[in-house]
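Have a look at the structure below, then the notes.
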Number of protein chains: 2
Amino acid sequence: MSADLTRNQALVMKTLSGAEAPLSAYTILDRLRGDGLRAPLQVYRALEKLTELGLVHRLESLNAFVACAHPNCHEQELIAFAICEDCGKVEEFSDDVVKDRLDGWTRSHGFRPAKTTIEIRGNCGGCAGKA
Amino acid sequence: MSADLTRNQALVMKTLSGAEAPLSAYTILDRLRGDGLRAPLQVYRALEKLTELGLVHRLESLNAFVACAHPNCHEQELIAFAICEDCGKVEEFSDDVVKDRLDGWTRSHGFRPAKTTIEIRGNCGGCAGKA
DNA sequence: GACACAAATGTTATGATATTACACATCCTT
DNA sequence: AAGGATGTGTAATATCATAACATTTGTGTC
């Protein structure tokens with residue numbers, strides 16, 4: 001699948017895939033210093049490409065990145081994220097009704113959407129129980 | 001309405017209300033240096049309070065802030081933002097169907113939502129025409 | 001293979017956004 | 001007046017992101 005990634009891209013991808021929760025660019029950098037990475041730009045450039053390929057998502061409300069949960073079928077649908085503020089885990093889902101409603105709004109307002117962000121912060125099932 | 005704001009809060013509120021587009025905390029600070037503000041924290045603290053009061057919204061995908069478009073009826077409904085990347089203008093809207101769908105997802109997944117962000121970046125009617 | 005172009009890399013420096021820690025002041029209630 | 005909650009001022013620092021430049025690697029074409 002992710003066959004033709006470059007070295008840096010593959011390193012960043014592997015780090016994100018193995019992570020339990022979203023990672024900041026600088027955290028990724030720290031985890032890859034052993035592999036020879038030294039500068040933030042090396043990570044940011046890889047992230048830019050991976051995001052473009054749909055393999056990685058940026059979480060705007062966190063300034064952090066996650067590996068896409070559906071790495072094979074990287075449809076560029078509208079994706080929503082549920083982010084647990086306790087354990088950090090992120091769940092990714094799509095909803096066609098939400099998509100249709102937002103599309104309806106933009107169409108009726110002459111707004112041409114480029115990228116849509118939906119992020120729900122809160123506590124996941126496991127963590128909400130404890131609280 | 002916004003009667004009992006403190007001096008710094010009122011200054012920040014006035015700056016945001018008078019702005020055409022979202023402002024970063026540092027931009028607000030720069031505009032208020034003449035009024036005696038000197039440190040980022042003075043602005044961030046005011047923003048925190050104003051956000052809490054529902055008078056100001058934070059746009060996560062921009063790291064910037066806008067005055068609420070409905071300053072009187074500050075219902076804490078789910079609000080979506082359409083942000084023009086050209087002219088910077090932001091439109092604010094609500095959609096009960098979207099709200100219901102997201103509520104449905106969280107409920108069925110045992111997720112307890114605290115704050116939801118919906119931001120559509122793109123070009124507004126005016127700017128999309130020119131392109 | 002040699003050439004040319006696009007893409008990726010490495011490095012340094014800098015810009016932009018946000019918070020911690022601490023001391024002091026103000027307001028409100030009792 | 002005492003005490004607590006909230007707001008303020010300031011310095012230092014943490015965190016996130018990009019600009020600018022030189023170089024290298026990969027790819028297609030002849």
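Scheme for the structure tokens: letters A, B, ... for chains in order shown; per-chain residue numbers from 1; ligand numbers from 1 in order shown.
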
Alpha helix (DSSP H) positions in chain B, given as number ranges by chain: B: 7-17, 25-31, 40-52, 96-108, 125-130

What does chain A look like after a least-squares fit onto chain B on every Cα paired in order, written as a short mmCIF file (atom, residue, chain, number, x, y, z; two decimals) with N, CA, C and O atoms, in the first residue's frame?
```cif
data_model
loop_
_atom_site.label_atom_id
_atom_site.label_comp_id
_atom_site.auth_asym_id
_atom_site.auth_seq_id
_atom_site.Cartn_x
_atom_site.Cartn_y
_atom_site.Cartn_z
N MET A 1 -25.61 44.82 27.30
CA MET A 1 -25.32 43.41 27.15
C MET A 1 -23.99 43.02 27.77
O MET A 1 -23.89 42.33 28.76
N SER A 2 -22.90 43.52 27.18
CA SER A 2 -21.58 43.16 27.71
C SER A 2 -21.20 44.20 28.76
O SER A 2 -20.17 44.84 28.69
N ALA A 3 -22.06 44.36 29.73
CA ALA A 3 -21.91 45.46 30.66
C ALA A 3 -20.79 45.22 31.67
O ALA A 3 -19.98 46.10 31.91
N ASP A 4 -20.73 44.03 32.21
CA ASP A 4 -19.80 43.82 33.32
C ASP A 4 -18.48 43.18 32.92
O ASP A 4 -17.94 42.36 33.64
N LEU A 5 -17.98 43.59 31.80
CA LEU A 5 -16.65 43.13 31.42
C LEU A 5 -15.62 44.02 32.10
O LEU A 5 -15.87 45.19 32.37
N THR A 6 -14.47 43.45 32.34
CA THR A 6 -13.39 44.26 32.90
C THR A 6 -12.74 45.07 31.78
O THR A 6 -13.05 44.87 30.60
N ARG A 7 -11.84 45.91 32.18
CA ARG A 7 -11.20 46.78 31.18
C ARG A 7 -10.56 45.99 30.05
O ARG A 7 -10.85 46.23 28.88
N ASN A 8 -9.71 45.05 30.39
CA ASN A 8 -9.03 44.28 29.35
C ASN A 8 -10.00 43.48 28.50
O ASN A 8 -9.85 43.39 27.29
N GLN A 9 -10.96 42.89 29.15
CA GLN A 9 -11.96 42.11 28.42
C GLN A 9 -12.71 43.01 27.44
O GLN A 9 -12.94 42.64 26.28
N ALA A 10 -13.08 44.20 27.89
CA ALA A 10 -13.82 45.12 27.03
C ALA A 10 -12.96 45.57 25.86
O ALA A 10 -13.45 45.67 24.72
N LEU A 11 -11.70 45.80 26.10
CA LEU A 11 -10.81 46.23 25.02
C LEU A 11 -10.69 45.15 23.95
O LEU A 11 -10.81 45.41 22.75
N VAL A 12 -10.49 43.92 24.40
CA VAL A 12 -10.36 42.81 23.46
C VAL A 12 -11.66 42.62 22.71
O VAL A 12 -11.68 42.43 21.49
N MET A 13 -12.77 42.71 23.43
CA MET A 13 -14.08 42.53 22.81
C MET A 13 -14.30 43.59 21.73
O MET A 13 -14.75 43.28 20.63
N LYS A 14 -13.95 44.82 22.05
CA LYS A 14 -14.16 45.91 21.10
C LYS A 14 -13.32 45.68 19.84
O LYS A 14 -13.79 45.89 18.72
N THR A 15 -12.11 45.24 20.05
CA THR A 15 -11.22 45.00 18.91
C THR A 15 -11.79 43.93 17.99
O THR A 15 -11.84 44.09 16.77
N LEU A 16 -12.27 42.84 18.60
CA LEU A 16 -12.82 41.76 17.79
C LEU A 16 -14.12 42.18 17.12
O LEU A 16 -14.37 41.83 15.97
N SER A 17 -14.93 42.91 17.83
CA SER A 17 -16.21 43.32 17.25
C SER A 17 -16.00 44.22 16.04
O SER A 17 -16.77 44.18 15.08
N GLY A 18 -14.95 45.01 16.09
CA GLY A 18 -14.71 45.94 14.99
C GLY A 18 -13.94 45.33 13.83
O GLY A 18 -13.76 45.97 12.80
N ALA A 19 -13.52 44.08 13.98
CA ALA A 19 -12.68 43.48 12.94
C ALA A 19 -13.53 42.84 11.84
O ALA A 19 -14.61 42.32 12.10
N GLU A 20 -13.02 42.86 10.66
CA GLU A 20 -13.70 42.28 9.50
C GLU A 20 -13.48 40.77 9.43
O GLU A 20 -14.22 40.05 8.78
N ALA A 21 -12.41 40.34 10.04
CA ALA A 21 -12.01 38.93 9.93
C ALA A 21 -11.45 38.49 11.27
O ALA A 21 -11.21 39.32 12.16
N PRO A 22 -11.23 37.20 11.43
CA PRO A 22 -10.66 36.71 12.69
C PRO A 22 -9.30 37.33 12.95
O PRO A 22 -8.56 37.63 12.02
N LEU A 23 -8.98 37.49 14.21
CA LEU A 23 -7.68 38.05 14.59
C LEU A 23 -6.95 37.07 15.49
O LEU A 23 -7.57 36.40 16.32
N SER A 24 -5.66 37.01 15.33
CA SER A 24 -4.85 36.21 16.25
C SER A 24 -4.67 36.99 17.54
O SER A 24 -4.84 38.21 17.58
N ALA A 25 -4.34 36.28 18.59
CA ALA A 25 -4.14 36.93 19.88
C ALA A 25 -3.06 38.00 19.79
O ALA A 25 -3.19 39.08 20.39
N TYR A 26 -2.03 37.73 19.02
CA TYR A 26 -0.94 38.69 18.91
C TYR A 26 -1.34 39.93 18.09
O TYR A 26 -0.87 41.03 18.35
N THR A 27 -2.19 39.73 17.13
CA THR A 27 -2.70 40.87 16.37
C THR A 27 -3.55 41.76 17.28
O THR A 27 -3.44 42.99 17.25
N ILE A 28 -4.37 41.12 18.08
CA ILE A 28 -5.17 41.88 19.04
C ILE A 28 -4.25 42.66 19.96
O ILE A 28 -4.44 43.86 20.21
N LEU A 29 -3.22 41.98 20.44
CA LEU A 29 -2.27 42.64 21.34
C LEU A 29 -1.67 43.88 20.68
O LEU A 29 -1.63 44.97 21.27
N ASP A 30 -1.24 43.72 19.43
CA ASP A 30 -0.63 44.86 18.74
C ASP A 30 -1.60 46.04 18.62
O ASP A 30 -1.20 47.18 18.75
N ARG A 31 -2.88 45.71 18.39
CA ARG A 31 -3.85 46.79 18.23
C ARG A 31 -4.18 47.46 19.56
O ARG A 31 -4.79 48.52 19.59
N LEU A 32 -3.80 46.82 20.65
CA LEU A 32 -4.15 47.38 21.95
C LEU A 32 -2.95 47.91 22.72
O LEU A 32 -3.06 48.29 23.88
N ARG A 33 -1.80 47.94 22.05
CA ARG A 33 -0.63 48.46 22.74
C ARG A 33 -0.83 49.92 23.11
O ARG A 33 -0.40 50.37 24.17
N GLY A 34 -1.52 50.65 22.26
CA GLY A 34 -1.82 52.05 22.56
C GLY A 34 -2.68 52.21 23.80
O GLY A 34 -2.68 53.26 24.44
N ASP A 35 -3.41 51.16 24.14
CA ASP A 35 -4.26 51.23 25.33
C ASP A 35 -3.56 50.67 26.56
O ASP A 35 -4.19 50.44 27.59
N GLY A 36 -2.28 50.39 26.41
CA GLY A 36 -1.52 49.99 27.59
C GLY A 36 -1.27 48.49 27.73
O GLY A 36 -0.57 48.07 28.64
N LEU A 37 -1.82 47.71 26.83
CA LEU A 37 -1.54 46.27 26.95
C LEU A 37 -0.11 46.00 26.45
O LEU A 37 0.34 46.57 25.49
N ARG A 38 0.54 45.04 27.15
CA ARG A 38 1.93 44.78 26.82
C ARG A 38 2.26 43.32 26.62
O ARG A 38 3.21 42.98 25.93
N ALA A 39 1.49 42.44 27.23
CA ALA A 39 1.89 41.03 27.23
C ALA A 39 0.78 40.14 26.67
O ALA A 39 -0.40 40.41 26.87
N PRO A 40 1.18 39.08 25.97
CA PRO A 40 0.22 38.14 25.38
C PRO A 40 -0.80 37.64 26.40
O PRO A 40 -1.98 37.50 26.09
N LEU A 41 -0.34 37.39 27.60
CA LEU A 41 -1.24 36.82 28.59
C LEU A 41 -2.43 37.71 28.89
O LEU A 41 -3.52 37.23 29.17
N GLN A 42 -2.21 38.99 28.82
CA GLN A 42 -3.33 39.90 29.07
C GLN A 42 -4.44 39.65 28.07
O GLN A 42 -5.62 39.68 28.40
N VAL A 43 -4.03 39.39 26.83
CA VAL A 43 -5.01 39.12 25.79
C VAL A 43 -5.59 37.71 25.95
O VAL A 43 -6.80 37.53 25.88
N TYR A 44 -4.73 36.75 26.16
CA TYR A 44 -5.22 35.38 26.27
C TYR A 44 -6.19 35.23 27.43
O TYR A 44 -7.17 34.50 27.35
N ARG A 45 -5.92 35.92 28.51
CA ARG A 45 -6.82 35.81 29.66
C ARG A 45 -8.19 36.40 29.34
O ARG A 45 -9.23 35.83 29.69
N ALA A 46 -8.17 37.54 28.66
CA ALA A 46 -9.45 38.15 28.29
C ALA A 46 -10.20 37.24 27.32
O ALA A 46 -11.40 37.02 27.45
N LEU A 47 -9.46 36.67 26.37
CA LEU A 47 -10.10 35.79 25.39
C LEU A 47 -10.72 34.57 26.06
O LEU A 47 -11.80 34.13 25.69
N GLU A 48 -10.04 34.06 27.05
CA GLU A 48 -10.55 32.89 27.75
C GLU A 48 -11.89 33.19 28.39
O GLU A 48 -12.86 32.45 28.26
N LYS A 49 -11.95 34.33 29.05
CA LYS A 49 -13.19 34.72 29.70
C LYS A 49 -14.30 34.98 28.69
O LYS A 49 -15.44 34.52 28.86
N LEU A 50 -13.97 35.70 27.64
CA LEU A 50 -14.97 36.04 26.63
C LEU A 50 -15.50 34.79 25.93
O LEU A 50 -16.68 34.70 25.60
N THR A 51 -14.62 33.83 25.72
CA THR A 51 -15.04 32.59 25.10
C THR A 51 -15.99 31.84 26.02
O THR A 51 -17.02 31.32 25.60
N GLU A 52 -15.63 31.85 27.29
CA GLU A 52 -16.46 31.22 28.31
C GLU A 52 -17.85 31.86 28.33
O GLU A 52 -18.85 31.16 28.52
N LEU A 53 -17.91 33.14 28.13
CA LEU A 53 -19.19 33.86 28.14
C LEU A 53 -19.95 33.70 26.83
O LEU A 53 -21.07 34.16 26.69
N GLY A 54 -19.31 33.08 25.84
CA GLY A 54 -19.97 32.88 24.56
C GLY A 54 -19.95 34.11 23.67
O GLY A 54 -20.65 34.19 22.67
N LEU A 55 -19.15 35.10 24.02
CA LEU A 55 -19.09 36.33 23.22
C LEU A 55 -18.06 36.23 22.11
O LEU A 55 -18.06 37.02 21.17
N VAL A 56 -17.17 35.28 22.25
CA VAL A 56 -16.08 35.13 21.29
C VAL A 56 -15.94 33.64 20.97
O VAL A 56 -16.18 32.80 21.84
N HIS A 57 -15.59 33.35 19.72
CA HIS A 57 -15.30 31.97 19.34
C HIS A 57 -13.86 31.85 18.91
O HIS A 57 -13.32 32.77 18.30
N ARG A 58 -13.31 30.69 19.21
CA ARG A 58 -11.97 30.40 18.73
C ARG A 58 -12.07 29.55 17.47
O ARG A 58 -12.81 28.56 17.45
N LEU A 59 -11.36 29.94 16.43
CA LEU A 59 -11.34 29.14 15.22
C LEU A 59 -10.10 28.26 15.25
O LEU A 59 -8.97 28.76 15.11
N GLU A 60 -10.31 26.98 15.44
CA GLU A 60 -9.19 26.07 15.67
C GLU A 60 -8.28 25.95 14.46
O GLU A 60 -7.07 25.82 14.59
N SER A 61 -8.87 25.98 13.28
CA SER A 61 -8.06 25.75 12.10
C SER A 61 -7.25 26.99 11.71
O SER A 61 -6.45 26.95 10.78
N LEU A 62 -7.46 28.05 12.45
CA LEU A 62 -6.81 29.32 12.14
C LEU A 62 -5.98 29.83 13.31
O LEU A 62 -5.22 30.79 13.15
N ASN A 63 -6.15 29.22 14.46
CA ASN A 63 -5.57 29.76 15.68
C ASN A 63 -5.89 31.24 15.81
O ASN A 63 -5.00 32.07 16.00
N ALA A 64 -7.17 31.54 15.64
CA ALA A 64 -7.58 32.93 15.70
C ALA A 64 -8.97 33.02 16.34
O ALA A 64 -9.59 32.00 16.62
N PHE A 65 -9.40 34.26 16.54
CA PHE A 65 -10.63 34.49 17.30
C PHE A 65 -11.56 35.43 16.56
O PHE A 65 -11.11 36.34 15.87
N VAL A 66 -12.87 35.20 16.73
CA VAL A 66 -13.89 36.12 16.17
C VAL A 66 -14.91 36.45 17.23
O VAL A 66 -15.20 35.63 18.11
N ALA A 67 -15.51 37.63 17.09
CA ALA A 67 -16.65 37.97 17.93
C ALA A 67 -17.83 37.12 17.48
O ALA A 67 -17.99 36.84 16.28
N CYS A 68 -18.64 36.68 18.41
CA CYS A 68 -19.81 35.88 18.07
C CYS A 68 -20.76 36.74 17.25
O CYS A 68 -20.95 37.93 17.53
N ALA A 69 -21.34 36.12 16.23
CA ALA A 69 -22.23 36.87 15.34
C ALA A 69 -23.58 37.15 15.98
O ALA A 69 -24.32 38.01 15.53
N HIS A 70 -23.90 36.42 17.02
CA HIS A 70 -25.19 36.61 17.69
C HIS A 70 -24.94 36.95 19.15
O HIS A 70 -25.26 36.16 20.03
N PRO A 71 -24.42 38.10 19.39
CA PRO A 71 -23.90 38.41 20.72
C PRO A 71 -24.96 38.45 21.80
O PRO A 71 -24.65 38.33 22.97
N ASN A 72 -26.21 38.64 21.40
CA ASN A 72 -27.24 38.75 22.42
C ASN A 72 -27.73 37.38 22.88
O ASN A 72 -27.66 37.05 24.07
N CYS A 73 -28.23 36.61 21.92
CA CYS A 73 -28.75 35.31 22.29
C CYS A 73 -27.62 34.29 22.31
O CYS A 73 -27.50 33.47 21.41
N HIS A 74 -26.76 34.36 23.31
CA HIS A 74 -25.65 33.41 23.25
C HIS A 74 -26.05 32.04 23.77
O HIS A 74 -25.67 31.61 24.85
N GLU A 75 -26.85 31.43 22.96
CA GLU A 75 -27.16 30.02 23.11
C GLU A 75 -25.85 29.25 22.88
O GLU A 75 -25.07 29.60 22.03
N GLN A 76 -25.64 28.19 23.64
CA GLN A 76 -24.43 27.42 23.40
C GLN A 76 -24.70 26.25 22.46
O GLN A 76 -24.30 25.13 22.70
N GLU A 77 -25.42 26.52 21.37
CA GLU A 77 -25.69 25.48 20.39
C GLU A 77 -24.41 25.08 19.68
O GLU A 77 -23.38 25.73 19.82
N LEU A 78 -24.54 24.05 18.90
CA LEU A 78 -23.44 23.66 18.04
C LEU A 78 -23.33 24.66 16.91
O LEU A 78 -24.31 24.93 16.22
N ILE A 79 -22.18 25.25 16.74
CA ILE A 79 -22.02 26.27 15.72
C ILE A 79 -21.01 25.83 14.68
O ILE A 79 -19.95 25.31 15.02
N ALA A 80 -21.36 26.05 13.43
CA ALA A 80 -20.42 25.77 12.34
C ALA A 80 -19.93 27.08 11.76
O ALA A 80 -20.64 28.09 11.78
N PHE A 81 -18.70 27.06 11.26
CA PHE A 81 -18.11 28.26 10.68
C PHE A 81 -17.72 28.02 9.24
O PHE A 81 -17.13 26.97 8.93
N ALA A 82 -18.05 28.95 8.38
CA ALA A 82 -17.57 28.92 7.00
C ALA A 82 -16.58 30.06 6.86
O ALA A 82 -16.92 31.22 7.05
N ILE A 83 -15.34 29.69 6.59
CA ILE A 83 -14.24 30.65 6.63
C ILE A 83 -13.69 30.86 5.22
O ILE A 83 -13.24 29.90 4.59
N CYS A 84 -13.72 32.08 4.75
CA CYS A 84 -13.18 32.35 3.42
C CYS A 84 -11.67 32.54 3.49
O CYS A 84 -11.18 33.39 4.24
N GLU A 85 -10.96 31.76 2.69
CA GLU A 85 -9.50 31.83 2.74
C GLU A 85 -8.97 33.00 1.94
O GLU A 85 -7.78 33.29 1.97
N ASP A 86 -9.87 33.64 1.22
CA ASP A 86 -9.48 34.79 0.42
C ASP A 86 -9.65 36.08 1.21
O ASP A 86 -8.68 36.76 1.50
N CYS A 87 -10.87 36.38 1.55
CA CYS A 87 -11.14 37.66 2.21
C CYS A 87 -11.13 37.52 3.73
O CYS A 87 -11.12 38.52 4.45
N GLY A 88 -11.14 36.29 4.22
CA GLY A 88 -11.04 36.10 5.65
C GLY A 88 -12.36 36.13 6.39
O GLY A 88 -12.43 35.81 7.57
N LYS A 89 -13.42 36.51 5.70
CA LYS A 89 -14.70 36.62 6.40
C LYS A 89 -15.21 35.28 6.88
O LYS A 89 -14.98 34.25 6.27
N VAL A 90 -15.92 35.33 7.99
CA VAL A 90 -16.43 34.12 8.60
C VAL A 90 -17.94 34.21 8.74
O VAL A 90 -18.47 35.22 9.20
N GLU A 91 -18.62 33.16 8.33
CA GLU A 91 -20.06 33.08 8.57
C GLU A 91 -20.33 31.96 9.55
O GLU A 91 -19.70 30.91 9.51
N GLU A 92 -21.27 32.24 10.42
CA GLU A 92 -21.57 31.35 11.53
C GLU A 92 -22.96 30.79 11.31
O GLU A 92 -23.89 31.55 11.03
N PHE A 93 -23.12 29.49 11.43
CA PHE A 93 -24.48 28.96 11.31
C PHE A 93 -24.66 27.71 12.16
O PHE A 93 -23.69 27.09 12.60
N SER A 94 -25.92 27.37 12.38
CA SER A 94 -26.25 26.17 13.15
C SER A 94 -27.11 25.27 12.30
O SER A 94 -27.81 25.74 11.41
N ASP A 95 -27.06 23.98 12.60
CA ASP A 95 -27.91 23.05 11.86
C ASP A 95 -28.31 21.94 12.83
O ASP A 95 -27.46 21.15 13.27
N ASP A 96 -29.58 21.90 13.11
CA ASP A 96 -30.05 20.93 14.10
C ASP A 96 -29.90 19.49 13.62
O ASP A 96 -29.69 18.58 14.43
N VAL A 97 -30.00 19.30 12.33
CA VAL A 97 -29.85 17.95 11.81
C VAL A 97 -28.41 17.46 12.03
O VAL A 97 -28.17 16.35 12.49
N VAL A 98 -27.47 18.33 11.73
CA VAL A 98 -26.06 17.98 11.97
C VAL A 98 -25.86 17.68 13.44
O VAL A 98 -25.25 16.67 13.81
N LYS A 99 -26.40 18.55 14.26
CA LYS A 99 -26.28 18.35 15.71
C LYS A 99 -26.85 16.98 16.11
O LYS A 99 -26.21 16.24 16.86
N ASP A 100 -28.04 16.68 15.61
CA ASP A 100 -28.66 15.41 15.97
C ASP A 100 -27.83 14.22 15.51
O ASP A 100 -27.69 13.22 16.23
N ARG A 101 -27.29 14.31 14.32
CA ARG A 101 -26.49 13.20 13.81
C ARG A 101 -25.23 13.00 14.65
O ARG A 101 -24.87 11.88 14.99
N LEU A 102 -24.57 14.08 14.99
CA LEU A 102 -23.36 13.95 15.80
C LEU A 102 -23.71 13.46 17.20
O LEU A 102 -23.02 12.61 17.76
N ASP A 103 -24.81 13.99 17.75
CA ASP A 103 -25.26 13.51 19.06
C ASP A 103 -25.55 12.02 18.99
O ASP A 103 -25.23 11.26 19.91
N GLY A 104 -26.18 11.60 17.89
CA GLY A 104 -26.50 10.19 17.73
C GLY A 104 -25.24 9.34 17.73
O GLY A 104 -25.17 8.31 18.42
N TRP A 105 -24.24 9.78 17.03
CA TRP A 105 -23.00 9.01 16.99
C TRP A 105 -22.38 8.91 18.38
O TRP A 105 -22.02 7.83 18.83
N THR A 106 -22.27 10.05 19.05
CA THR A 106 -21.62 10.02 20.35
C THR A 106 -22.42 9.16 21.32
O THR A 106 -21.83 8.35 22.05
N ARG A 107 -23.73 9.31 21.31
CA ARG A 107 -24.54 8.53 22.24
C ARG A 107 -24.34 7.04 21.99
O ARG A 107 -24.12 6.27 22.92
N SER A 108 -24.40 6.65 20.73
CA SER A 108 -24.31 5.22 20.43
C SER A 108 -22.90 4.67 20.65
O SER A 108 -22.70 3.47 20.69
N HIS A 109 -21.93 5.56 20.82
CA HIS A 109 -20.57 5.09 21.07
C HIS A 109 -20.12 5.37 22.50
O HIS A 109 -18.95 5.22 22.82
N GLY A 110 -21.04 5.80 23.31
CA GLY A 110 -20.69 6.07 24.70
C GLY A 110 -19.70 7.21 24.86
O GLY A 110 -19.01 7.32 25.87
N PHE A 111 -19.64 8.05 23.85
CA PHE A 111 -18.69 9.17 23.90
C PHE A 111 -19.38 10.38 24.51
O PHE A 111 -20.49 10.73 24.12
N ARG A 112 -18.72 10.99 25.49
CA ARG A 112 -19.33 12.16 26.13
C ARG A 112 -18.69 13.43 25.57
O ARG A 112 -17.56 13.77 25.94
N PRO A 113 -19.38 14.13 24.71
CA PRO A 113 -18.80 15.29 24.04
C PRO A 113 -18.67 16.48 24.98
O PRO A 113 -19.55 16.72 25.80
N ALA A 114 -17.58 17.20 24.85
CA ALA A 114 -17.40 18.42 25.64
C ALA A 114 -17.47 19.64 24.73
O ALA A 114 -18.18 20.59 25.01
N LYS A 115 -16.74 19.56 23.62
CA LYS A 115 -16.78 20.69 22.69
C LYS A 115 -16.63 20.20 21.26
O LYS A 115 -15.76 19.38 20.99
N THR A 116 -17.47 20.71 20.40
CA THR A 116 -17.43 20.28 19.00
C THR A 116 -17.05 21.43 18.09
O THR A 116 -17.55 22.55 18.25
N THR A 117 -16.17 21.14 17.17
CA THR A 117 -15.68 22.13 16.22
C THR A 117 -16.11 21.74 14.81
O THR A 117 -15.86 20.61 14.39
N ILE A 118 -16.76 22.66 14.11
CA ILE A 118 -17.04 22.44 12.69
C ILE A 118 -16.59 23.67 11.92
O ILE A 118 -17.10 24.77 12.14
N GLU A 119 -15.60 23.48 11.08
CA GLU A 119 -15.07 24.61 10.32
C GLU A 119 -14.90 24.23 8.86
O GLU A 119 -14.25 23.25 8.55
N ILE A 120 -15.53 25.02 8.00
CA ILE A 120 -15.43 24.79 6.57
C ILE A 120 -14.56 25.88 5.99
O ILE A 120 -14.91 27.06 6.05
N ARG A 121 -13.42 25.49 5.45
CA ARG A 121 -12.55 26.49 4.81
C ARG A 121 -12.78 26.43 3.32
O ARG A 121 -12.97 25.37 2.75
N GLY A 122 -12.71 27.57 2.69
CA GLY A 122 -12.93 27.60 1.25
C GLY A 122 -13.05 29.04 0.79
O GLY A 122 -12.39 29.92 1.34
N ASN A 123 -13.89 29.27 -0.19
CA ASN A 123 -14.10 30.64 -0.69
C ASN A 123 -15.56 31.02 -0.61
O ASN A 123 -16.42 30.26 -1.06
N CYS A 124 -15.79 32.19 -0.08
CA CYS A 124 -17.16 32.67 0.07
C CYS A 124 -17.72 33.08 -1.29
O CYS A 124 -16.97 33.15 -2.28
N GLY A 125 -19.00 33.33 -1.34
CA GLY A 125 -19.67 33.68 -2.58
C GLY A 125 -18.93 34.76 -3.36
O GLY A 125 -18.59 34.58 -4.54
N GLY A 126 -18.66 35.85 -2.72
CA GLY A 126 -17.98 36.95 -3.39
C GLY A 126 -16.65 36.55 -3.98
O GLY A 126 -16.36 36.83 -5.14
N CYS A 127 -15.84 35.87 -3.19
CA CYS A 127 -14.48 35.53 -3.64
C CYS A 127 -14.48 34.37 -4.63
O CYS A 127 -13.62 34.31 -5.52
N ALA A 128 -15.42 33.42 -4.50
CA ALA A 128 -15.44 32.28 -5.40
C ALA A 128 -15.73 32.76 -6.82
O ALA A 128 -15.22 32.20 -7.79
N GLY A 129 -16.54 33.80 -6.95
CA GLY A 129 -16.86 34.34 -8.25
C GLY A 129 -15.62 34.81 -9.00
O GLY A 129 -15.40 34.45 -10.16
N LYS A 130 -14.79 35.56 -8.33
CA LYS A 130 -13.58 36.12 -8.95
C LYS A 130 -12.62 35.05 -9.45
O LYS A 130 -11.88 35.26 -10.39
N ALA A 131 -12.61 33.90 -8.75
CA ALA A 131 -11.58 32.88 -9.03
C ALA A 131 -11.82 32.11 -10.32
O ALA A 131 -12.11 32.58 -11.33
#
```

Distance filter 9 Å, only C-alpha atoms (C1' of nucleotides), chain D against chain B, as a ChimeraX atom specification: /D:7-10

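When only C-alpha atoms (C1' of nucleotides) are used to measure the gap to chain B, the shortest distance among C:DT14, C:DT30, C:DT20, C:DT9 belongs to C:DT20.
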
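Residues from chain C found within 9 Å of chain A are C:DA8, C:DT9, C:DG10, C:DT11, counting only C-alpha atoms (C1' of nucleotides).
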
Chain B: residues DSSP assigns to strand (DSSP E), reported as a VMD selection string: chain B and resid 56 to 59 64 to 67 80 to 84 90 to 93 112 to 123

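For the atom pair formed by C1' of DT27 (chain D) and C1' of DA4 (chain C), the distance is 10.4 Å, given to one decimal.
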
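C1' of DC22 (chain C) sits 16.3 Å away from C1' of DT6 (chain D).
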